[in-house]
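Enquirer: My file is start.txt. It has compact mmCIF, C-alpha atoms:
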```txt
# COMPACT_ATOMS: atom_id res chain seq x y z
CA MET A 1006 -28.42 22.71 -24.77
CA ASN A 1007 -25.14 23.14 -22.93
CA LEU A 1008 -23.80 20.29 -20.82
CA LYS A 1009 -20.66 21.41 -19.00
CA TYR A 1010 -18.21 24.26 -18.47
CA SER A 1011 -14.48 23.59 -18.51
CA VAL A 1012 -11.54 25.74 -17.48
CA GLY A 1013 -8.03 24.80 -18.60
CA LEU A 1014 -5.08 26.11 -16.60
CA ASP A 1015 -1.46 25.98 -17.74
CA VAL A 1016 0.54 26.75 -14.59
CA SER A 1017 4.11 28.00 -14.44
CA SER A 1018 6.15 29.41 -11.56
CA LYS A 1019 5.01 33.04 -12.03
CA LYS A 1020 1.86 33.03 -14.18
CA ILE A 1021 -1.19 30.96 -15.09
CA ASN A 1022 -2.77 30.85 -18.55
CA ALA A 1023 -6.51 30.15 -18.34
CA CYS A 1024 -9.05 29.24 -21.02
CA PHE A 1025 -12.83 29.00 -20.51
CA SER A 1026 -14.92 26.69 -22.74
CA ILE A 1027 -18.34 25.07 -22.92
CA ILE A 1028 -19.58 21.85 -24.53
CA ASP A 1029 -23.12 21.28 -25.85
CA GLU A 1030 -25.24 18.16 -26.42
CA LYS A 1031 -23.72 17.69 -29.88
CA GLN A 1032 -20.24 17.39 -28.27
CA LYS A 1033 -19.18 20.70 -29.81
CA VAL A 1034 -16.65 22.64 -27.70
CA VAL A 1035 -16.82 26.45 -27.90
CA PHE A 1036 -14.06 28.58 -26.35
CA LYS A 1037 -15.51 31.61 -24.62
CA SER A 1038 -12.59 33.47 -23.12
CA SER A 1039 -8.95 33.33 -22.08
CA THR A 1040 -6.78 35.28 -19.65
CA VAL A 1041 -3.42 35.36 -17.87
CA ILE A 1042 -3.08 35.78 -14.10
CA CYS A 1043 -0.27 35.76 -11.56
CA ASN A 1044 0.49 32.56 -9.65
CA THR A 1045 -0.17 34.26 -6.32
CA LEU A 1046 -3.06 34.55 -3.88
CA LYS A 1047 -4.13 37.81 -5.48
CA GLY A 1048 -4.13 36.09 -8.87
CA PHE A 1049 -6.28 33.26 -7.48
CA LEU A 1050 -8.90 35.81 -6.40
CA VAL A 1051 -8.89 37.30 -9.90
CA LEU A 1052 -9.26 33.80 -11.38
CA GLU A 1053 -12.25 33.04 -9.14
CA ASP A 1054 -14.00 36.26 -10.19
CA TRP A 1055 -13.23 35.58 -13.86
CA ILE A 1056 -14.76 32.09 -13.64
CA SER A 1057 -17.87 33.37 -11.84
CA LYS A 1058 -18.31 36.07 -14.48
CA HIS A 1059 -18.43 33.60 -17.38
CA LYS A 1060 -20.49 30.91 -15.65
CA LYS A 1061 -24.04 31.95 -16.56
CA GLU A 1062 -25.88 28.61 -16.44
CA VAL A 1063 -26.40 26.13 -13.60
CA ILE A 1064 -24.45 23.27 -15.15
CA PRO A 1065 -21.33 21.38 -13.95
CA LEU A 1066 -17.96 23.10 -14.14
CA VAL A 1067 -14.58 21.35 -14.02
CA ILE A 1068 -11.11 22.89 -13.78
CA CYS A 1069 -8.38 20.94 -15.55
CA MET A 1070 -4.68 21.63 -14.96
CA GLU A 1071 -1.40 19.90 -15.63
CA ALA A 1072 0.86 18.71 -12.81
CA THR A 1073 3.93 20.95 -13.01
CA GLY A 1074 6.19 20.01 -10.10
CA ILE A 1075 4.82 21.89 -7.11
CA TYR A 1076 3.86 25.14 -8.86
CA HIS A 1077 0.25 24.03 -9.32
CA GLU A 1078 -0.36 22.98 -5.70
CA ASN A 1079 -1.34 26.36 -4.20
CA CYS A 1080 -3.78 27.14 -7.01
CA ALA A 1081 -5.32 23.66 -6.92
CA TYR A 1082 -5.72 23.75 -3.15
CA TYR A 1083 -7.28 27.25 -3.25
CA LEU A 1084 -9.84 26.24 -5.89
CA TYR A 1085 -10.59 22.98 -4.02
CA GLU A 1086 -11.27 24.93 -0.82
CA LYS A 1087 -13.64 27.20 -2.75
CA GLY A 1088 -15.72 24.17 -3.81
CA PHE A 1089 -14.60 23.78 -7.44
CA ASP A 1090 -14.14 20.38 -9.09
CA VAL A 1091 -10.43 20.16 -9.88
CA SER A 1092 -8.71 17.55 -12.06
CA ILE A 1093 -4.91 17.34 -12.23
CA ILE A 1094 -3.54 15.62 -15.34
CA LEU A 1095 -0.16 13.95 -15.72
CA PRO A 1096 2.07 15.75 -18.25
CA ASN A 1097 2.50 12.72 -20.53
CA LYS A 1098 -1.26 12.16 -20.66
CA ALA A 1099 -1.91 15.81 -21.51
CA LYS A 1100 0.82 15.74 -24.17
CA LYS A 1101 -0.65 12.67 -25.88
CA TYR A 1102 -4.12 14.19 -25.86
CA LEU A 1103 -2.93 17.46 -27.42
CA GLU A 1104 -1.15 15.49 -30.13
CA ALA A 1105 -4.26 13.38 -30.74
CA ILE A 1106 -6.49 16.41 -31.37
CA GLY A 1107 -3.98 17.77 -33.89
CA LEU A 1108 -2.29 20.63 -32.01
CA LYS A 1109 1.17 20.84 -33.59
CA SER A 1110 2.40 24.06 -31.99
CA LYS A 1111 3.08 24.41 -28.30
CA ASN A 1112 2.92 27.41 -26.01
CA ASP A 1113 1.20 28.29 -22.75
CA SER A 1114 -2.04 29.59 -24.30
CA ILE A 1115 -2.36 26.60 -26.65
CA ASP A 1116 -1.77 24.21 -23.74
CA ALA A 1117 -4.48 25.95 -21.68
CA LYS A 1118 -6.87 25.68 -24.63
CA GLY A 1119 -6.12 21.98 -25.06
CA LEU A 1120 -6.58 21.29 -21.33
CA SER A 1121 -9.90 23.13 -21.42
CA GLN A 1122 -11.09 20.96 -24.33
CA MET A 1123 -9.85 17.85 -22.54
CA GLY A 1124 -11.84 18.72 -19.42
CA ALA A 1125 -14.96 19.36 -21.50
CA GLN A 1126 -14.84 16.18 -23.57
CA GLN A 1127 -13.67 13.67 -20.95
CA CYS A 1128 -14.91 12.54 -17.56
CA LEU A 1129 -11.73 13.10 -15.56
CA LYS A 1130 -11.00 11.86 -12.07
CA LEU A 1131 -11.36 14.60 -9.48
CA TRP A 1132 -8.35 15.61 -7.42
CA GLU A 1133 -8.25 15.48 -3.64
CA PRO A 1134 -5.52 17.21 -1.61
CA MET A 1135 -2.97 15.18 0.27
CA GLY A 1136 -3.25 14.95 4.06
CA THR A 1137 -0.90 17.12 6.11
CA PHE A 1138 0.70 14.15 7.89
CA PHE A 1139 1.67 12.27 4.74
CA TYR A 1140 2.62 15.48 2.91
CA GLU A 1141 5.16 16.28 5.62
CA LEU A 1142 6.35 12.67 5.59
CA ARG A 1143 6.86 12.93 1.83
CA LEU A 1144 8.97 16.07 2.28
CA LEU A 1145 11.21 14.18 4.70
CA THR A 1146 11.59 11.05 2.56
CA ARG A 1147 12.27 13.00 -0.64
CA GLN A 1148 14.83 15.16 1.14
CA HIS A 1149 16.49 11.97 2.36
CA GLN A 1150 16.65 10.69 -1.22
CA ASN A 1151 18.07 14.01 -2.52
CA VAL A 1152 20.79 14.15 0.15
CA THR A 1153 21.68 10.49 -0.49
CA GLU A 1154 22.10 11.17 -4.21
CA LEU A 1155 24.29 14.23 -3.54
CA LYS A 1156 26.42 12.21 -1.15
CA THR A 1157 26.86 9.50 -3.78
CA VAL A 1158 27.98 12.07 -6.37
CA LEU A 1159 30.62 13.51 -4.04
CA LYS A 1160 31.88 10.06 -3.02
CA ASN A 1161 32.32 9.19 -6.68
CA GLN A 1162 34.25 12.44 -7.22
CA LEU A 1163 36.46 11.70 -4.24
CA ASP A 1164 37.12 8.20 -5.49
CA ALA A 1165 38.01 9.51 -8.95
CA LEU A 1166 40.47 12.04 -7.47
CA SER A 1167 42.43 9.19 -5.90
CA PHE A 1168 43.46 8.14 -9.43
CA ALA A 1169 44.42 11.67 -10.55
CA MET A 1170 47.96 12.48 -11.61
CA HIS A 1171 48.20 15.38 -9.14
CA HIS A 1172 46.39 15.85 -5.81
CA LEU A 1173 45.26 19.00 -4.03
CA ASP A 1174 44.56 18.62 -0.32
CA SER A 1175 42.17 21.58 -0.15
CA VAL A 1176 39.82 20.02 -2.73
CA THR A 1177 39.97 16.63 -1.06
CA ASN A 1178 39.26 18.16 2.35
CA GLN A 1179 36.24 20.06 1.03
CA LEU A 1180 34.79 16.89 -0.47
CA GLU A 1181 35.36 14.94 2.75
CA GLN A 1182 33.80 17.68 4.88
CA THR A 1183 30.76 17.92 2.59
CA ILE A 1184 30.32 14.13 2.69
CA THR A 1185 30.50 14.23 6.49
CA LEU A 1186 27.91 17.01 6.52
CA PHE A 1187 25.55 14.95 4.33
CA GLU A 1188 25.99 11.92 6.58
CA THR A 1189 25.04 14.04 9.59
CA GLN A 1190 21.98 15.35 7.78
CA LEU A 1191 20.92 11.81 6.86
CA LYS A 1192 21.09 10.75 10.50
CA GLU A 1193 18.96 13.74 11.49
CA LEU A 1194 16.44 12.96 8.76
CA ASN A 1195 16.17 9.34 9.93
CA LYS A 1196 15.40 10.54 13.46
CA GLU A 1197 12.81 13.03 12.17
CA ILE A 1198 11.10 10.36 10.06
CA LYS A 1199 10.82 8.00 13.06
CA ALA A 1200 9.57 10.82 15.30
CA HIS A 1201 7.01 11.85 12.68
CA LEU A 1202 5.65 8.30 12.43
CA LYS A 1203 5.36 8.05 16.23
CA SER A 1204 3.43 11.33 16.38
CA ASN A 1205 0.36 9.52 15.00
CA GLU A 1206 -0.70 6.55 17.16
CA GLU A 1207 -2.79 4.84 14.47
CA VAL A 1208 -0.06 5.11 11.84
CA ASN A 1209 2.62 4.02 14.31
CA SER A 1210 0.72 0.87 15.30
CA LYS A 1211 0.26 -0.11 11.65
CA VAL A 1212 3.92 0.59 10.92
CA GLU A 1213 5.07 -1.61 13.82
CA ASN A 1214 2.88 -4.46 12.54
CA ILE A 1215 4.30 -4.23 9.03
CA LEU A 1216 7.92 -3.88 10.19
CA GLN A 1217 7.74 -7.36 11.68
CA MET A 1218 8.47 -8.46 8.13
CA LYS A 1219 12.17 -9.33 7.99
CA GLY A 1220 14.09 -7.26 5.44
CA LEU A 1221 11.79 -4.22 5.45
CA GLY A 1222 13.02 -0.99 7.07
CA VAL A 1223 11.48 2.23 8.35
CA LEU A 1224 12.74 4.35 5.45
CA THR A 1225 11.33 2.02 2.78
CA LEU A 1226 7.93 1.80 4.45
CA SER A 1227 7.86 5.57 5.06
CA THR A 1228 8.59 6.21 1.37
CA VAL A 1229 5.80 3.89 0.23
CA LEU A 1230 3.29 5.48 2.64
CA ALA A 1231 4.32 9.02 1.74
CA GLU A 1232 4.15 8.48 -2.02
CA THR A 1233 0.73 6.78 -1.82
CA ASN A 1234 -0.84 9.12 0.76
CA GLY A 1235 -1.40 6.20 3.10
CA PHE A 1236 -3.20 4.19 0.34
CA THR A 1237 -6.27 6.43 0.70
CA LEU A 1238 -6.96 6.78 -3.04
CA PHE A 1239 -6.67 3.09 -3.96
CA LYS A 1240 -9.73 0.85 -4.03
CA ASN A 1241 -7.79 -2.36 -4.75
CA TYR A 1242 -4.23 -3.60 -5.09
CA LYS A 1243 -4.34 -3.50 -8.90
CA GLN A 1244 -4.62 0.29 -8.86
CA LEU A 1245 -1.63 0.45 -6.52
CA VAL A 1246 0.43 -1.84 -8.75
CA SER A 1247 -0.37 0.34 -11.77
CA TYR A 1248 0.44 3.53 -9.82
CA ALA A 1249 3.88 2.15 -8.97
CA GLY A 1250 4.55 1.06 -12.56
CA TYR A 1251 4.62 -2.68 -11.84
CA ASP A 1252 1.71 -3.47 -14.16
CA VAL A 1253 2.61 -5.79 -17.04
CA VAL A 1254 2.25 -4.55 -20.63
CA GLU A 1255 2.30 -6.57 -23.84
CA ALA A 1256 3.58 -5.71 -27.30
CA GLN A 1257 1.75 -7.98 -29.73
CA SER A 1258 0.23 -7.29 -33.13
CA GLY A 1259 -0.64 -9.95 -35.69
CA LYS A 1260 2.27 -12.37 -36.02
CA ARG A 1261 4.65 -10.07 -34.18
CA VAL A 1262 5.12 -10.91 -30.52
CA GLY A 1263 7.26 -8.44 -28.58
CA LYS A 1264 8.55 -8.47 -25.04
CA THR A 1265 6.22 -8.57 -22.05
CA LYS A 1266 7.53 -6.28 -19.31
CA ILE A 1267 6.45 -3.91 -16.57
CA SER A 1268 5.26 -0.52 -17.78
CA LYS A 1269 7.41 1.67 -15.46
CA ARG A 1270 4.77 4.35 -16.03
CA GLY A 1271 4.28 5.23 -12.43
CA ASN A 1272 5.94 6.48 -9.28
CA SER A 1273 9.62 5.61 -9.68
CA ARG A 1274 10.38 6.49 -6.05
CA ILE A 1275 8.38 3.48 -4.88
CA ARG A 1276 10.27 1.13 -7.20
CA ARG A 1277 13.56 2.66 -6.09
CA ALA A 1278 12.68 2.18 -2.42
CA LEU A 1279 11.66 -1.48 -2.87
CA HIS A 1280 14.78 -2.55 -4.77
CA MET A 1281 17.07 -3.25 -1.80
CA PRO A 1282 14.35 -4.87 0.39
CA SER A 1283 13.65 -7.34 -2.43
CA LEU A 1284 17.29 -8.44 -2.29
CA VAL A 1285 17.32 -8.64 1.51
CA VAL A 1286 14.16 -10.77 1.88
CA ILE A 1287 15.64 -13.33 -0.52
CA GLN A 1288 18.95 -13.30 1.33
CA CYS A 1289 17.12 -13.72 4.65
CA GLN A 1290 15.15 -16.69 3.23
CA VAL A 1291 11.72 -15.18 3.98
CA ARG A 1292 9.56 -18.08 2.87
CA PRO A 1293 6.76 -16.64 0.64
CA PHE A 1294 9.14 -14.29 -1.19
CA LYS A 1295 11.83 -16.94 -1.52
CA GLU A 1296 9.33 -19.38 -3.02
CA LEU A 1297 8.13 -16.75 -5.48
CA PHE A 1298 11.71 -15.94 -6.50
CA GLU A 1299 12.64 -19.59 -7.07
CA ARG A 1300 9.43 -20.35 -8.96
CA THR A 1301 9.78 -17.40 -11.35
CA TYR A 1302 13.54 -17.84 -11.79
CA GLU A 1303 13.03 -21.48 -12.73
CA ARG A 1304 10.58 -20.39 -15.39
CA HIS A 1305 12.66 -17.77 -17.25
CA GLY A 1306 16.15 -17.80 -15.69
CA ILE A 1307 16.42 -13.99 -15.27
CA LYS A 1308 17.26 -12.95 -11.71
CA MET A 1309 16.29 -9.29 -11.99
CA LYS A 1310 12.90 -10.25 -13.41
CA SER A 1311 12.31 -12.43 -10.34
CA TYR A 1312 13.44 -9.62 -8.03
CA VAL A 1313 10.87 -7.33 -9.67
CA ALA A 1314 8.18 -9.93 -8.94
CA VAL A 1315 9.33 -9.92 -5.30
CA GLN A 1316 9.11 -6.10 -5.23
CA LYS A 1317 5.54 -6.27 -6.48
CA LYS A 1318 4.64 -8.85 -3.83
CA LEU A 1319 6.26 -6.70 -1.12
CA LEU A 1320 4.16 -3.72 -2.20
CA THR A 1321 0.89 -5.67 -2.22
CA MET A 1322 1.78 -7.27 1.13
CA ILE A 1323 2.30 -3.83 2.70
CA TYR A 1324 -1.02 -2.67 1.22
CA HIS A 1325 -3.01 -5.59 2.64
CA LEU A 1326 -1.36 -5.45 6.07
CA TRP A 1327 -2.03 -1.71 6.25
CA ASN A 1328 -5.72 -2.04 5.36
CA LYS A 1329 -6.34 -5.08 7.60
CA LYS A 1330 -4.35 -3.62 10.52
CA GLU A 1331 -2.66 -6.97 11.02
CA ALA A 1332 0.90 -7.93 11.94
CA TYR A 1333 3.00 -9.80 9.42
CA ASN A 1334 2.89 -13.56 9.92
CA VAL A 1335 5.37 -15.75 8.02
CA ASN A 1336 3.15 -18.82 8.42
CA TYR A 1337 0.00 -17.02 7.28
CA GLU A 1338 -0.28 -18.98 4.02
CA LEU A 1339 0.51 -22.26 5.79
CA ASN A 1340 -2.23 -21.58 8.33
CA ILE A 1341 -4.68 -20.85 5.53
CA GLN A 1342 -3.70 -24.09 3.77
CA GLU A 1343 -4.15 -26.06 6.99
CA GLU A 1344 -7.56 -24.48 7.58
CA GLU A 1345 -8.58 -25.21 3.99
CA GLN A 1346 -7.37 -28.80 4.36
CA LYS A 1347 -9.30 -29.26 7.61
CA PHE A 1348 -12.36 -27.71 6.00
CA SER A 1349 -12.07 -29.97 2.96
CA LEU A 1350 -11.56 -33.09 5.13
CA GLY A 1351 -14.55 -32.15 7.27
CA GLN A 1352 -16.60 -31.51 4.17
CA LEU A 1353 -15.61 -34.90 2.72
CA ALA A 1354 -16.50 -36.63 6.00
CA SER A 1355 -19.89 -34.92 6.12
CA GLU A 1356 -20.54 -35.83 2.47
CA LYS A 1357 -19.56 -39.44 3.18
CA THR A 1358 -21.90 -39.58 6.20
CA GLN A 1359 -24.68 -38.02 4.16
CA SER A 1360 -24.16 -40.49 1.32
CA GLN A 1361 -24.30 -43.40 3.78
CA LYS A 1362 -27.57 -42.06 5.20
CA ASN A 1363 -28.97 -41.65 1.70
CA SER A 1364 -27.99 -45.20 0.71
CA LEU A 1365 -29.60 -46.54 3.93
CA ASN A 1366 -32.81 -44.64 3.19
CA VAL A 1367 -32.84 -45.99 -0.36
CA LYS A 1368 -32.38 -49.55 0.95
CA ILE A 1369 -35.22 -49.14 3.46
CA GLU A 1370 -37.51 -47.68 0.81
CA ALA A 1371 -36.67 -50.58 -1.53
CA THR A 1372 -37.41 -53.11 1.21
CA GLN A 1373 -40.71 -51.47 2.09
CA GLY A 1374 -41.84 -51.33 -1.53
CA LYS A 1375 -40.74 -54.89 -2.34
CA HIS A 1376 -43.38 -57.55 -2.94
CA PRO A 1377 -43.37 -60.22 -0.18
CA VAL A 1378 -43.21 -62.98 -2.81
CA ASN A 1379 -39.64 -63.70 -3.96
CA TYR A 1380 -40.50 -65.46 -7.21
CA ARG A 1381 -43.07 -64.71 -9.87
CA LYS A 1382 -44.14 -68.37 -9.85
CA LYS A 1383 -45.44 -67.92 -6.34
CA LEU A 1384 -47.63 -64.88 -7.08
CA PRO A 1385 -51.19 -65.02 -5.68
CA LEU A 1386 -53.87 -66.42 -7.88
CA GLY A 1387 -55.22 -63.99 -10.44
CA VAL A 1388 -52.12 -61.68 -10.36
CA THR A 1389 -49.91 -61.70 -13.42
CA ASN A 1390 -47.82 -58.48 -12.96
CA VAL A 1391 -46.19 -56.94 -9.92
```
As C-alpha cells, please, write out the structure in this file.

Expert:
Amino acid sequence: MNLKYSVGLDVSSKKINACFSIIDEKQKVVFKSSTVICNTLKGFLVLEDWISKHKKEVIPLVICMEATGIYHENCAYYLYEKGFDVSIILPNKAKKYLEAIGLKSKNDSIDAKGLSQMGAQQCLKLWEPMGTFFYELRLLTRQHQNVTELKTVLKNQLDALSFAMHHLDSVTNQLEQTITLFETQLKELNKEIKAHLKSNEEVNSKVENILQMKGLGVLTLSTVLAETNGFTLFKNYKQLVSYAGYDVVEAQSGKRVGKTKISKRGNSRIRRALHMPSLVVIQCQVRPFKELFERTYERHGIKMKSYVAVQKKLLTMIYHLWNKKEAYNVNYELNIQEEEQKFSLGQLASEKTQSQKNSLNVKIEATQGKHPVNYRKKLPLGVTNV
C-alpha cells in the first residue's frame, strides 16, 4: 500500500531538475521518474502536466524544493496557487540530510533525488507565500542595507587614498560623487519606507505604538517586520528567537563542557538591525533593558554577551507589543508588580479574616459541646464518663 507521493525540485536560474518518488507502508522509497524543465512559466505548465501524469492514486503529494536565493519563488508561488503542498527547505538542512543518507556525489539530478526522498520520508512544514505588503517592505529594507554597505566600502577606499603616496583628483572626485549619490538614495529609501508603512492603517498604528520605545527607530522596526512577515508564521516567542538565531545551544558530552552561546543559525539581518538599538537603549537608561544588562554583566563580566541579551529582549518586546496592539509603557513591569502586591495583600487580608471566622466558629462549637459541669467531681450521680 502506497502512502505518499513526493516531488523533489532542484531549482537554478535557468532550469529545474525534478524527481518523482513514492513511499509505501514499509517506508520504502521508489523513484518513478525524473525530468528537466525551464525555470519559466512555460516550464511550470510542463511540470504540472508531468506531475499529473505520474500521480495515479488518490494519496497525498508534497513538493519539496531548496531555497536558492529568489530563483525558486516563481515556481513555488505557481505550484501553491495550483493547490499543491509545497515545502521549502533551507540549504544547510538539505545538505545535512543528503550527507546522512550517504550521497557522496553532488549534482542537480542527485540533489533533486535526495529532496524527493526527504519529502517522502519526513513530515515537512508547508510553505505559505509572503504577503505583498511585507514583501515590498523587505525589498526596501534590503536595498537600504545593500546601499549602506556599498557606501561604507567607498568611504573606506576614500579614507585609504588619503594615506597614499600620490593622489589623483579624478579618482577622489569619482568616489566622493558616488558616496553623495548613495547618501541621496538612502534618504529616498527612508522616505519610501515611512510612506509604505503609512499606506496600511493597521500596520501604521502598531508601528507608532512600538516606536514609543526610546532607542528604537523606523528602519530597525521595518527590518524586523519585513524579515518576519509581520510575525504571521510564529505561534510563540520561542520560535521567533530561534528564527533570529538568538536561541542558546550547549556543547556538552560526558566530562567535556564546552561553551554555551547563541546558535546564530537564523536570519542575520534581524541580528544586524538590533545591534545598534541595543547600545542606544542602554545609553538612554531605558529601565527594563538597563536592569537586564547590569544583571547579566555582573554575572559573567562580558559586555557583548549582555548586549546580545538586550537584543533578544528587544525582539521579544516588539513581538508582544505587535500581537497585543499595545503602546510601549516603561512602567509596565512596575504596574504589574504593584497589582500583584495589592492582590497578594488583599488575599492575605481575606485569608486572615477567614481564619478569624473559622477560629470563632471553632470556639462557639467547643462552648456548645462543653459539659456544663467544670469538674469531674461534680458530675451528676450515676455518670462516670463525659

Enquirer: Can you pull out every residue within 12 Å of A:Gln1150, counting all atoms listed in the file, but drop anything in the same chain fewer than 2 positions away, and send it as a CSV table (one decimal) with C-alpha atoms, keeping the file's coordinate frame?

Expert:
```csv
chain,number,residue,atom,x,y,z
A,1143,ARG,CA,6.9,12.9,1.8
A,1144,LEU,CA,9.0,16.1,2.3
A,1145,LEU,CA,11.2,14.2,4.7
A,1146,THR,CA,11.6,11.0,2.6
A,1147,ARG,CA,12.3,13.0,-0.6
A,1148,GLN,CA,14.8,15.2,1.1
A,1152,VAL,CA,20.8,14.2,0.2
A,1153,THR,CA,21.7,10.5,-0.5
A,1154,GLU,CA,22.1,11.2,-4.2
A,1155,LEU,CA,24.3,14.2,-3.5
A,1156,LYS,CA,26.4,12.2,-1.2
A,1157,THR,CA,26.9,9.5,-3.8
A,1187,PHE,CA,25.6,15.0,4.3
A,1190,GLN,CA,22.0,15.4,7.8
A,1191,LEU,CA,20.9,11.8,6.9
A,1194,LEU,CA,16.4,13.0,8.8
A,1195,ASN,CA,16.2,9.3,9.9
A,1224,LEU,CA,12.7,4.4,5.4
A,1225,THR,CA,11.3,2.0,2.8
A,1227,SER,CA,7.9,5.6,5.1
A,1228,THR,CA,8.6,6.2,1.4
A,1274,ARG,CA,10.4,6.5,-6.0
A,1275,ILE,CA,8.4,3.5,-4.9
A,1277,ARG,CA,13.6,2.7,-6.1
A,1278,ALA,CA,12.7,2.2,-2.4
```

Enquirer: I'd like the interatomic distance between atom CA of A:Gln1182 and atom CA of A:His1149, to a tenth of an Å.

Expert: 18.4 Å

Enquirer: For A:Phe1236, which residue among A:Asn1044, A:Asn1205, A:Ser1057, A:Thr1321 is the nearest when counting only C-alpha atoms?

Expert: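 Selected residue with least distance to A:Phe1236: A:Thr1321.
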
Enquirer: Determine, counting all atoms listed in the file, every residue of protein, DNA or RNA that lies within 8 Å of (-12.9, 30.2, -23.4) in the file coordinates, then give the result as a ChimeraX atom specification.

Expert: /A:1012,1024-1027,1035-1039,1118,1121

Enquirer: Between A:Lys1109, A:Gln1126, A:Leu1052, A:Val1254, single out the one closest to A:Lys1087, counting only C-alpha atoms.

Expert: A:Leu1052

Enquirer: Considering all atoms listed in the file, return as a list in words whatever protein or nucleic-acid residues lie within 12 Å of A:Arg1300, sequence-local ones (same chain, fewer than 5 positions apart) excluded.

Expert: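 That gives Pro1293, Phe1294, Lys1295, His1305, Gly1306, Ile1307, Lys1308, Lys1310, Ser1311, Tyr1312, Ala1314 and Val1315 of chain A.
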
Enquirer: Give as a list of chain:residue names the set of residues within 10 Å of the point (1.3, 0.8, 15.0), where distances use the file's coordinates and only C-alpha atoms.

Expert: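 Taken together, the residues in range are A:Leu1202, A:Lys1203, A:Asn1205, A:Glu1206, A:Glu1207, A:Val1208, A:Asn1209, A:Ser1210, A:Lys1211, A:Val1212, A:Glu1213, A:Asn1214, A:Ile1215, A:Leu1216, A:Trp1327, A:Lys1330, A:Glu1331, A:Ala1332.
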
Enquirer: Taking C-alpha atoms for each residue, export the selection above as a short mmCIF file (atom, residue, chain, number, x, y, z; two decimals), keeping the file's coordinate frame.

Expert:
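Final output, part.cif:
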```
data_model
loop_
_atom_site.label_atom_id
_atom_site.label_comp_id
_atom_site.auth_asym_id
_atom_site.auth_seq_id
_atom_site.Cartn_x
_atom_site.Cartn_y
_atom_site.Cartn_z
CA LEU A 1202 5.65 8.30 12.43
CA LYS A 1203 5.36 8.05 16.23
CA ASN A 1205 0.36 9.52 15.00
CA GLU A 1206 -0.70 6.55 17.16
CA GLU A 1207 -2.79 4.84 14.47
CA VAL A 1208 -0.06 5.11 11.84
CA ASN A 1209 2.62 4.02 14.31
CA SER A 1210 0.72 0.87 15.30
CA LYS A 1211 0.26 -0.11 11.65
CA VAL A 1212 3.92 0.59 10.92
CA GLU A 1213 5.07 -1.61 13.82
CA ASN A 1214 2.88 -4.46 12.54
CA ILE A 1215 4.30 -4.23 9.03
CA LEU A 1216 7.92 -3.88 10.19
CA TRP A 1327 -2.03 -1.71 6.25
CA LYS A 1330 -4.35 -3.62 10.52
CA GLU A 1331 -2.66 -6.97 11.02
CA ALA A 1332 0.90 -7.93 11.94
#
```

Enquirer: Could you tell me how far atom CA of A:Phe1138 lies from atom CA of A:Glu1197, in Å and to one decimal?

Expert: 12.9 Å

Enquirer: Taking 6 positions as the minimum chain separation for residues in the same chain, which residues sit within 9 Å of A:Tyr1140 when counting all atoms listed in the file? Answer as an MDAnalysis selection string.

Expert: chainID A and resid 1231:1232 1234

Enquirer: Under the rule that only C-alpha atoms are counted, which of A:Val1016, A:Thr1040, A:Lys1260, A:Phe1139 is the nearest residue to A:Asp1054?

Expert: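 Residue with the minimum atom-to-atom distance to A:Asp1054: A:Thr1040.
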
Enquirer: What is the distance between atom CA of A:His1280 and atom CA of A:Gly1220, in Å to one decimal?

Expert: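 Between these atoms lies a distance of 11.3 Å.
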